[in-house]
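S.K.: Pasting a structure below so you can have a look.
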Amino acid sequence: MVDKAQAMARIEGAARVIEEACGGAQVGIILGSGLGDYAQALQEGRALPYGEIPGFPVSTVPGHAGKWHTGTLHGKRVAMMQGRFHYYEGYPLWDVTLPVRVMKLLGVQTLIVTNAAGGVNLSFAPGDLMLITDSINLAANNPLIGPNLDAFGPRFPDVSRAYDPKLQQLALSSAEALGITLRQGIYAWLTGPSFETPAEIRMLRGLGADAVGMSTVPEVIVARHSGMRVLGLSCITNMAAGILDQPLNHEEVMETGERVKHTFRALLDGVVAGLD
Ligand code: HPA
């Protein structure tokens with residue numbers, strides 16, 4: 001998306017249609033693999049399939065339904081994305097992150113990003129939940145490459161506190177109150193769609209990564225560019241390549257996501273309830 005005016009028109013066009021169909025929101029949640037049902041928690045929820053939003057890509061991954069939802073949760077207006085876009089689907093990062101900019105125009109100030117991730121830290125186990133404390137971009141690309149959209153933020157945004165310290169505290173205290181063990185760690189983003197090799201996972205561990213996945217980081221960069229507060233939560237659905245003597249597959253990712261979705265949802269709910 002090279003032309004700034006066209007880029008703005010596309011974001012504004014999508015935001016207008018969503019606002020008319022579903023209304024605005026203060027909080028945005030991107031639901032990762034297996035978490036899509038959480039949209040049903042919204043009161044007076046209204047939904048719009050991505051196919052009816054002009055300019056929106058269409059999600060192609062099993063487990064990602066492709067619907068925008070907005071409603072009320074714990075007294076807050078919350079927008080949820082049931083299904084996100086991934087770089088590996090072939091979309092430019094500009095398209096992958098378009099919904100985050102749409103959220104900004106709809107009034108979202110706090111973005112909660114969730115995902116399924118592979119455990120790189122050897123003390124993790126499948127089913128663990130992890131608070132993202134920082135991330136590493138290993139995709140050799142950045143969603144902000146291209147003309148800067150000054151209406152959203154500066155050319156060179158700071159990402160030194162990308163994951164909001166206060167929201168991290170809120171997630172930790174919510175987890176404790178609910179008796180949920182919440183791990184903490186650094187999420188490394190690689191493009192996928194092939195899972196990593198064992199050598200890559202050893203490299204990631206050496207770099208300080210605790211989890212690895214194929215999403216989230218571009219969305220967080222774009223959210224921070226526009227000044228949103230961000231909270232990132234991962235579900236460790238499998239141990240990353242080479243740690244266990246077994247091949248990796250998407251079914252395991254989905255099965256673990258399904259197994260812990262109630263805990264994950266309870267944590268999300270606790271966080272939303274505690275937002276000011
Ligand atoms: N690697 C990358 N992405 C993932 C993984 C993994 O092991 N598990 C879930 N998403």
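A note on labels: chains of the structure tokens are A, B, ... as shown, every chain counts residues from 1, and ligands are counted from 1 in their shown order.
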Please list as number ranges by chain every residue within 8 Å of stretch 100-103 of chain A, counting only C-alpha atoms and excluding residues in the same chain fewer than 5 positions away.
M.R.: A: 11-12, 14-15, 25, 28, 79, 108, 152, 219, 222-223, 226
S.K.: Can I get the selection written as an mmCIF file, in the first residue's frame, with all heavy atoms?
M.R.:
data_model
loop_
_atom_site.group_PDB
_atom_site.id
_atom_site.type_symbol
_atom_site.label_atom_id
_atom_site.label_comp_id
_atom_site.auth_asym_id
_atom_site.auth_seq_id
_atom_site.Cartn_x
_atom_site.Cartn_y
_atom_site.Cartn_z
ATOM 1 N N ILE A 11 -8.432 2.161 5.245
ATOM 2 C CA ILE A 11 -8.625 1.965 6.693
ATOM 3 C C ILE A 11 -9.947 2.609 7.125
ATOM 4 O O ILE A 11 -10.753 2.000 7.838
ATOM 5 C CB ILE A 11 -7.445 2.588 7.484
ATOM 6 C CG1 ILE A 11 -6.116 1.940 7.079
ATOM 7 C CG2 ILE A 11 -7.667 2.430 8.986
ATOM 8 C CD1 ILE A 11 -4.875 2.725 7.486
ATOM 9 N N GLU A 12 -10.182 3.843 6.647
ATOM 10 C CA GLU A 12 -11.401 4.566 7.040
ATOM 11 C C GLU A 12 -12.658 3.881 6.497
ATOM 12 O O GLU A 12 -13.674 3.821 7.188
ATOM 13 C CB GLU A 12 -11.338 6.020 6.530
ATOM 14 C CG GLU A 12 -10.383 6.869 7.354
ATOM 15 C CD GLU A 12 -9.950 8.164 6.661
ATOM 16 O OE1 GLU A 12 -10.433 8.440 5.540
ATOM 17 O OE2 GLU A 12 -9.099 8.865 7.239
ATOM 18 N N ALA A 14 -13.107 0.660 5.936
ATOM 19 C CA ALA A 14 -13.387 -0.533 6.753
ATOM 20 C C ALA A 14 -13.953 -0.115 8.109
ATOM 21 O O ALA A 14 -14.928 -0.704 8.601
ATOM 22 C CB ALA A 14 -12.102 -1.350 6.926
ATOM 23 N N ALA A 15 -13.362 0.924 8.700
ATOM 24 C CA ALA A 15 -13.818 1.371 10.031
ATOM 25 C C ALA A 15 -15.266 1.853 9.971
ATOM 26 O O ALA A 15 -16.066 1.576 10.870
ATOM 27 C CB ALA A 15 -12.906 2.481 10.549
ATOM 28 N N ALA A 25 -15.422 0.802 20.061
ATOM 29 C CA ALA A 25 -14.947 0.022 21.212
ATOM 30 C C ALA A 25 -13.759 0.723 21.859
ATOM 31 O O ALA A 25 -13.075 1.515 21.226
ATOM 32 C CB ALA A 25 -14.547 -1.384 20.761
ATOM 33 N N GLY A 28 -9.676 -3.762 22.366
ATOM 34 C CA GLY A 28 -9.660 -4.691 21.239
ATOM 35 C C GLY A 28 -8.989 -5.984 21.667
ATOM 36 O O GLY A 28 -8.017 -5.958 22.429
ATOM 37 N N ALA A 79 -14.107 -4.866 21.191
ATOM 38 C CA ALA A 79 -14.125 -5.421 19.828
ATOM 39 C C ALA A 79 -13.241 -6.659 19.824
ATOM 40 O O ALA A 79 -12.155 -6.644 20.410
ATOM 41 C CB ALA A 79 -13.584 -4.397 18.841
ATOM 42 N N VAL A 108 -10.318 2.194 19.977
ATOM 43 C CA VAL A 108 -9.617 1.239 20.858
ATOM 44 C C VAL A 108 -8.327 1.857 21.397
ATOM 45 O O VAL A 108 -7.510 2.381 20.650
ATOM 46 C CB VAL A 108 -9.318 -0.083 20.104
ATOM 47 C CG1 VAL A 108 -8.366 -0.977 20.896
ATOM 48 C CG2 VAL A 108 -10.618 -0.824 19.809
ATOM 49 N N PHE A 152 -1.427 8.296 12.295
ATOM 50 C CA PHE A 152 -1.392 7.265 13.334
ATOM 51 C C PHE A 152 -0.215 7.440 14.285
ATOM 52 O O PHE A 152 -0.339 7.229 15.488
ATOM 53 C CB PHE A 152 -1.346 5.869 12.699
ATOM 54 C CG PHE A 152 -2.662 5.449 12.130
ATOM 55 C CD1 PHE A 152 -2.982 5.687 10.803
ATOM 56 C CD2 PHE A 152 -3.612 4.843 12.934
ATOM 57 C CE1 PHE A 152 -4.213 5.326 10.281
ATOM 58 C CE2 PHE A 152 -4.855 4.478 12.434
ATOM 59 C CZ PHE A 152 -5.154 4.718 11.097
ATOM 60 N N GLU A 219 1.285 -6.982 14.574
ATOM 61 C CA GLU A 219 0.113 -6.282 15.136
ATOM 62 C C GLU A 219 0.547 -5.370 16.283
ATOM 63 O O GLU A 219 0.058 -4.245 16.432
ATOM 64 C CB GLU A 219 -0.904 -7.319 15.640
ATOM 65 C CG GLU A 219 -1.499 -8.160 14.507
ATOM 66 C CD GLU A 219 -1.880 -9.577 14.940
ATOM 67 O OE1 GLU A 219 -1.557 -9.972 16.073
ATOM 68 O OE2 GLU A 219 -2.499 -10.295 14.123
ATOM 69 N N VAL A 222 2.304 -2.180 15.007
ATOM 70 C CA VAL A 222 1.346 -1.201 14.479
ATOM 71 C C VAL A 222 0.522 -0.577 15.612
ATOM 72 O O VAL A 222 0.239 0.628 15.613
ATOM 73 C CB VAL A 222 0.463 -1.861 13.393
ATOM 74 C CG1 VAL A 222 -0.753 -1.012 13.064
ATOM 75 C CG2 VAL A 222 1.304 -2.091 12.141
ATOM 76 N N ALA A 223 0.173 -1.380 16.596
ATOM 77 C CA ALA A 223 -0.581 -0.841 17.747
ATOM 78 C C ALA A 223 0.255 0.192 18.494
ATOM 79 O O ALA A 223 -0.230 1.261 18.864
ATOM 80 C CB ALA A 223 -0.986 -1.978 18.682
ATOM 81 N N SER A 226 0.582 3.583 16.871
ATOM 82 C CA SER A 226 -0.546 4.508 17.055
ATOM 83 C C SER A 226 -0.828 4.778 18.530
ATOM 84 O O SER A 226 -1.869 5.333 18.865
ATOM 85 C CB SER A 226 -1.783 3.970 16.347
ATOM 86 O OG SER A 226 -2.261 2.841 17.021
#
S.K.: Please provide the set of residues having any atom within 10 Å of stretch 174-189 of chain A, restricted to only C-alpha atoms, with same-chain residues fewer than 6 positions apart removed, written as a PyMOL selection string.
M.R.: chain A and resi 117-121+123-124+128-140+168+204-205+207-218+232-236+263-264+266-274
S.K.: Output N, CA and C atoms of each residue in that selection to a file, as a compact mmCIF listing (two decimals), in the first residue's frame.
M.R.:
# COMPACT_ATOMS: atom_id res chain seq x y z
N ALA A 117 1.59 -20.67 20.65
CA ALA A 117 3.03 -20.58 20.42
C ALA A 117 3.69 -21.89 20.80
N GLY A 118 4.86 -22.10 20.25
CA GLY A 118 5.66 -23.26 20.62
C GLY A 118 6.56 -22.89 21.80
N GLY A 119 6.70 -23.80 22.74
CA GLY A 119 7.55 -23.54 23.91
C GLY A 119 9.02 -23.75 23.56
N VAL A 120 9.82 -22.72 23.76
CA VAL A 120 11.27 -22.80 23.52
C VAL A 120 11.99 -23.00 24.86
N ASN A 121 11.46 -22.36 25.88
CA ASN A 121 11.99 -22.50 27.24
C ASN A 121 11.72 -23.93 27.73
N SER A 123 11.62 -25.22 30.52
CA SER A 123 10.81 -25.44 31.73
C SER A 123 9.32 -25.29 31.45
N PHE A 124 8.97 -24.95 30.21
CA PHE A 124 7.55 -24.84 29.87
C PHE A 124 6.99 -26.21 29.51
N ASP A 128 0.69 -24.55 29.06
CA ASP A 128 1.05 -23.38 29.87
C ASP A 128 0.56 -22.10 29.19
N LEU A 129 0.23 -21.11 30.00
CA LEU A 129 -0.08 -19.77 29.47
C LEU A 129 1.12 -18.88 29.78
N MET A 130 1.44 -18.00 28.84
CA MET A 130 2.62 -17.15 29.01
C MET A 130 2.29 -15.68 28.75
N LEU A 131 2.68 -14.86 29.69
CA LEU A 131 2.60 -13.41 29.51
C LEU A 131 3.79 -12.99 28.66
N ILE A 132 3.53 -12.28 27.57
CA ILE A 132 4.63 -11.83 26.71
C ILE A 132 5.23 -10.56 27.33
N THR A 133 6.49 -10.64 27.69
CA THR A 133 7.16 -9.48 28.31
C THR A 133 7.92 -8.67 27.27
N ASP A 134 8.29 -9.31 26.17
CA ASP A 134 8.97 -8.60 25.08
C ASP A 134 8.97 -9.56 23.88
N SER A 135 9.39 -9.06 22.72
CA SER A 135 9.38 -9.94 21.56
C SER A 135 10.60 -9.69 20.68
N ILE A 136 10.85 -10.66 19.82
CA ILE A 136 11.97 -10.56 18.87
C ILE A 136 11.39 -10.76 17.47
N ASN A 137 11.69 -9.82 16.59
CA ASN A 137 11.20 -9.89 15.22
C ASN A 137 12.27 -10.57 14.36
N LEU A 138 11.98 -11.81 13.98
CA LEU A 138 12.95 -12.54 13.14
C LEU A 138 12.40 -12.79 11.74
N ALA A 139 11.39 -11.99 11.36
CA ALA A 139 10.77 -12.20 10.06
C ALA A 139 11.44 -11.35 8.97
N ALA A 140 12.42 -10.57 9.35
CA ALA A 140 13.13 -9.71 8.38
C ALA A 140 12.16 -8.82 7.61
N GLN A 168 0.80 -5.77 32.16
CA GLN A 168 1.47 -7.02 32.58
C GLN A 168 1.17 -7.30 34.05
N LEU A 204 17.13 -19.84 18.78
CA LEU A 204 16.18 -18.93 19.45
C LEU A 204 16.41 -18.93 20.96
N ARG A 205 16.68 -20.13 21.50
CA ARG A 205 16.91 -20.21 22.95
C ARG A 205 18.16 -19.41 23.30
N LEU A 207 19.20 -16.86 21.79
CA LEU A 207 18.89 -15.43 21.65
C LEU A 207 18.03 -14.91 22.80
N GLY A 208 17.55 -15.82 23.62
CA GLY A 208 16.75 -15.38 24.77
C GLY A 208 15.25 -15.55 24.59
N ALA A 209 14.83 -16.26 23.54
CA ALA A 209 13.39 -16.45 23.33
C ALA A 209 12.87 -17.58 24.22
N ASP A 210 11.63 -17.41 24.68
CA ASP A 210 10.96 -18.45 25.49
C ASP A 210 9.86 -19.15 24.71
N ALA A 211 9.36 -18.47 23.67
CA ALA A 211 8.26 -19.04 22.87
C ALA A 211 8.43 -18.57 21.44
N VAL A 212 7.86 -19.33 20.51
CA VAL A 212 7.98 -18.98 19.10
C VAL A 212 6.62 -19.10 18.43
N GLY A 213 6.35 -18.15 17.53
CA GLY A 213 5.07 -18.19 16.83
C GLY A 213 5.12 -17.43 15.52
N MET A 214 3.97 -17.44 14.83
CA MET A 214 3.90 -16.91 13.46
C MET A 214 3.00 -15.68 13.38
N SER A 215 2.76 -15.00 14.48
CA SER A 215 1.83 -13.86 14.45
C SER A 215 2.23 -12.80 15.47
N THR A 216 1.30 -11.95 15.80
CA THR A 216 1.34 -11.04 16.96
C THR A 216 2.30 -9.85 16.84
N VAL A 217 3.58 -10.11 16.53
CA VAL A 217 4.56 -9.02 16.54
C VAL A 217 4.20 -7.90 15.56
N PRO A 218 3.80 -8.20 14.31
CA PRO A 218 3.43 -7.08 13.43
C PRO A 218 2.25 -6.28 13.98
N GLY A 232 0.11 -8.89 25.68
CA GLY A 232 0.24 -10.09 24.86
C GLY A 232 0.21 -11.35 25.72
N LEU A 233 -0.61 -12.31 25.30
CA LEU A 233 -0.72 -13.57 26.03
C LEU A 233 -0.60 -14.73 25.05
N SER A 234 0.26 -15.69 25.39
CA SER A 234 0.44 -16.87 24.53
C SER A 234 -0.06 -18.11 25.23
N CYS A 235 -0.60 -19.02 24.43
CA CYS A 235 -0.86 -20.38 24.93
C CYS A 235 0.23 -21.26 24.34
N ILE A 236 1.02 -21.87 25.19
CA ILE A 236 2.07 -22.78 24.71
C ILE A 236 1.38 -24.09 24.33
N THR A 263 -9.39 -22.04 30.67
CA THR A 263 -8.46 -21.32 31.55
C THR A 263 -8.03 -20.02 30.89
N PHE A 264 -7.71 -20.11 29.61
CA PHE A 264 -7.25 -18.93 28.86
C PHE A 264 -8.35 -17.85 28.87
N ALA A 266 -10.78 -17.57 31.06
CA ALA A 266 -10.97 -17.05 32.42
C ALA A 266 -9.94 -15.96 32.70
N LEU A 267 -8.71 -16.17 32.23
CA LEU A 267 -7.67 -15.17 32.43
C LEU A 267 -8.00 -13.88 31.67
N LEU A 268 -8.40 -14.05 30.42
CA LEU A 268 -8.77 -12.88 29.60
C LEU A 268 -9.89 -12.10 30.27
N ASP A 269 -10.86 -12.84 30.78
CA ASP A 269 -12.00 -12.24 31.42
C ASP A 269 -11.59 -11.45 32.66
N GLY A 270 -10.67 -12.05 33.43
CA GLY A 270 -10.17 -11.37 34.63
C GLY A 270 -9.45 -10.09 34.26
N VAL A 271 -8.70 -10.13 33.16
CA VAL A 271 -7.97 -8.94 32.72
C VAL A 271 -8.96 -7.86 32.27
N VAL A 272 -9.93 -8.24 31.46
CA VAL A 272 -10.89 -7.23 30.96
C VAL A 272 -11.63 -6.61 32.14
N ALA A 273 -12.02 -7.46 33.11
CA ALA A 273 -12.74 -6.94 34.27
C ALA A 273 -11.89 -5.92 35.04
N GLY A 274 -10.58 -6.13 35.05
CA GLY A 274 -9.69 -5.27 35.83
C GLY A 274 -9.19 -4.03 35.09
S.K.: Restricting the calculation to only C-alpha atoms, which member of A:Thr237, A:Thr191, A:Asn148, A:Asn249 is positioned closest to A:His225?
M.R.: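 Under the stated criterion, the closest residue is A:Asn148.
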S.K.: Taking the DSSP assignment computed from this structure's backbone, write out as a PyMOL selection string all residues of stretch 138-234 of chain A that belong to strand (DSSP E or B).
M.R.: chain A and resi 182-189+211-213+229-234
S.K.: Taking into account only C-alpha atoms, which residue in the set A:Trp68, A:Ala162, A:Tyr87, A:Gln43 is nearest to A:Pro193?
M.R.: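 Closest to A:Pro193 of all the choices is A:Tyr87.
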S.K.: Report the residues of stretch 81-215 of chain A whose backbone DSSP state falls under helix (DSSP H, G or I), written as a ChimeraX atom specification.
M.R.: /A:87-89,93-96,98-106,165-178,198-207
S.K.: Do you know which residues are at most 9 Å from A:Val220 counting only C-alpha atoms, after dropping those on the same chain fewer than 6 positions away, and could you put them as a list of chain:residue names?
M.R.: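 Non-adjacent residues within range: A:Thr97, A:Val100, A:Leu111, A:Val113, A:Ala162, A:Tyr163, A:Met228, A:Val230, A:Leu231, A:Gly232.
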S.K.: Just to be explicit: take each residue in the selection above, keep all heavy atoms, and write the result as a CSV table (one decimal), in the first residue's frame.
M.R.:
chain,number,residue,atom,x,y,z
A,97,THR,N,-2.0,-6.1,9.3
A,97,THR,CA,-2.1,-5.2,10.4
A,97,THR,C,-3.2,-4.2,10.2
A,97,THR,O,-3.5,-3.4,11.1
A,97,THR,CB,-0.8,-4.5,10.7
A,97,THR,OG1,-0.4,-3.8,9.5
A,97,THR,CG2,0.3,-5.4,11.2
A,100,VAL,N,-5.8,-3.6,13.0
A,100,VAL,CA,-5.3,-2.9,14.2
A,100,VAL,C,-5.5,-1.4,14.0
A,100,VAL,O,-6.0,-0.7,14.9
A,100,VAL,CB,-3.9,-3.2,14.5
A,100,VAL,CG1,-3.4,-2.4,15.7
A,100,VAL,CG2,-3.7,-4.7,14.8
A,111,LEU,N,-5.1,-2.9,23.5
A,111,LEU,CA,-5.2,-4.0,22.6
A,111,LEU,C,-4.7,-5.3,23.3
A,111,LEU,O,-3.5,-5.2,23.8
A,111,LEU,CB,-4.4,-3.8,21.3
A,111,LEU,CG,-4.4,-5.0,20.3
A,111,LEU,CD1,-5.8,-5.2,19.7
A,111,LEU,CD2,-3.4,-4.7,19.2
A,113,VAL,N,-3.5,-9.0,22.6
A,113,VAL,CA,-3.2,-9.9,21.5
A,113,VAL,C,-3.0,-11.3,22.1
A,113,VAL,O,-2.2,-11.4,23.1
A,113,VAL,CB,-2.0,-9.5,20.7
A,113,VAL,CG1,-2.4,-8.6,19.5
A,113,VAL,CG2,-0.9,-8.9,21.5
A,162,ALA,N,7.0,-2.1,24.6
A,162,ALA,CA,5.9,-2.5,23.7
A,162,ALA,C,4.8,-3.1,24.5
A,162,ALA,O,3.6,-2.9,24.2
A,162,ALA,CB,6.4,-3.4,22.6
A,163,TYR,N,5.1,-3.9,25.4
A,163,TYR,CA,4.1,-4.7,26.2
A,163,TYR,C,4.0,-3.9,27.5
A,163,TYR,O,4.9,-3.9,28.4
A,163,TYR,CB,4.5,-6.1,26.4
A,163,TYR,CG,4.7,-6.8,25.1
A,163,TYR,CD1,6.0,-6.7,24.4
A,163,TYR,CD2,3.7,-7.4,24.4
A,163,TYR,CE1,6.1,-7.2,23.1
A,163,TYR,CE2,3.8,-7.9,23.1
A,163,TYR,CZ,5.1,-7.8,22.5
A,163,TYR,OH,5.2,-8.3,21.2
A,228,MET,N,-1.4,2.7,21.1
A,228,MET,CA,-2.3,1.9,22.0
A,228,MET,C,-1.5,1.2,23.0
A,228,MET,O,-0.3,0.9,22.8
A,228,MET,CB,-2.9,0.7,21.1
A,228,MET,CG,-3.9,1.2,20.1
A,228,MET,SD,-4.4,-0.3,19.2
A,228,MET,CE,-5.6,0.3,18.1
A,230,VAL,N,-0.6,-2.2,25.0
A,230,VAL,CA,-0.7,-3.6,24.5
A,230,VAL,C,-0.4,-4.6,25.6
A,230,VAL,O,0.5,-4.4,26.4
A,230,VAL,CB,0.3,-3.8,23.3
A,230,VAL,CG1,0.4,-5.3,22.9
A,230,VAL,CG2,0.0,-3.0,22.1
A,231,LEU,N,-1.2,-5.7,25.6
A,231,LEU,CA,-1.0,-6.8,26.4
A,231,LEU,C,-0.9,-8.1,25.5
A,231,LEU,O,-1.8,-8.2,24.6
A,231,LEU,CB,-2.1,-7.0,27.4
A,231,LEU,CG,-2.0,-8.3,28.3
A,231,LEU,CD1,-0.9,-8.2,29.3
A,231,LEU,CD2,-3.4,-8.5,29.0
A,232,GLY,N,0.1,-8.9,25.7
A,232,GLY,CA,0.2,-10.1,24.9
A,232,GLY,C,0.2,-11.4,25.7
A,232,GLY,O,0.9,-11.4,26.7
S.K.: When you draw a straight line from atom CA of A:Asp150 to atom CA of A:Arg224, how long is it in Å?
M.R.: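 About the pair atom CA of A:Asp150 and atom CA of A:Arg224: they are 13.3 Å apart.
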S.K.: So which one's closest to A:Gly13, A:Leu144, A:Leu105, A:Met239, A:Ile29? Using only C-alpha atoms, please.
M.R.: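 Under the stated criterion, the closest residue is A:Leu105.
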S.K.: Would you work out the distance separating atom CA of A:Lys76 from atom CA of A:Asn115, expressed in Å to one decimal?
M.R.: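 Result for atom CA of A:Lys76 versus atom CA of A:Asn115: 22.4 Å, one decimal.
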S.K.: Go through A:Arg259, A:His74, A:Arg265, A:Arg16 one by one, measure the shortest atom-to-atom distance of each to A:Ile53 using only C-alpha atoms, and give the residue with the smallest value.
M.R.: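 Going through A:Arg259, A:His74, A:Arg265, A:Arg16 one by one, the smallest distance to A:Ile53 is for A:Arg16.
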S.K.: Between A:Ala116, A:Ile221, A:Leu244, A:Ala171, which residue has the minimum interatomic distance to ligand 1, considering only C-alpha atoms and all ligand atoms?
M.R.: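 With only C-alpha atoms and all ligand atoms as the atom set, the closest residue is A:Ala116.
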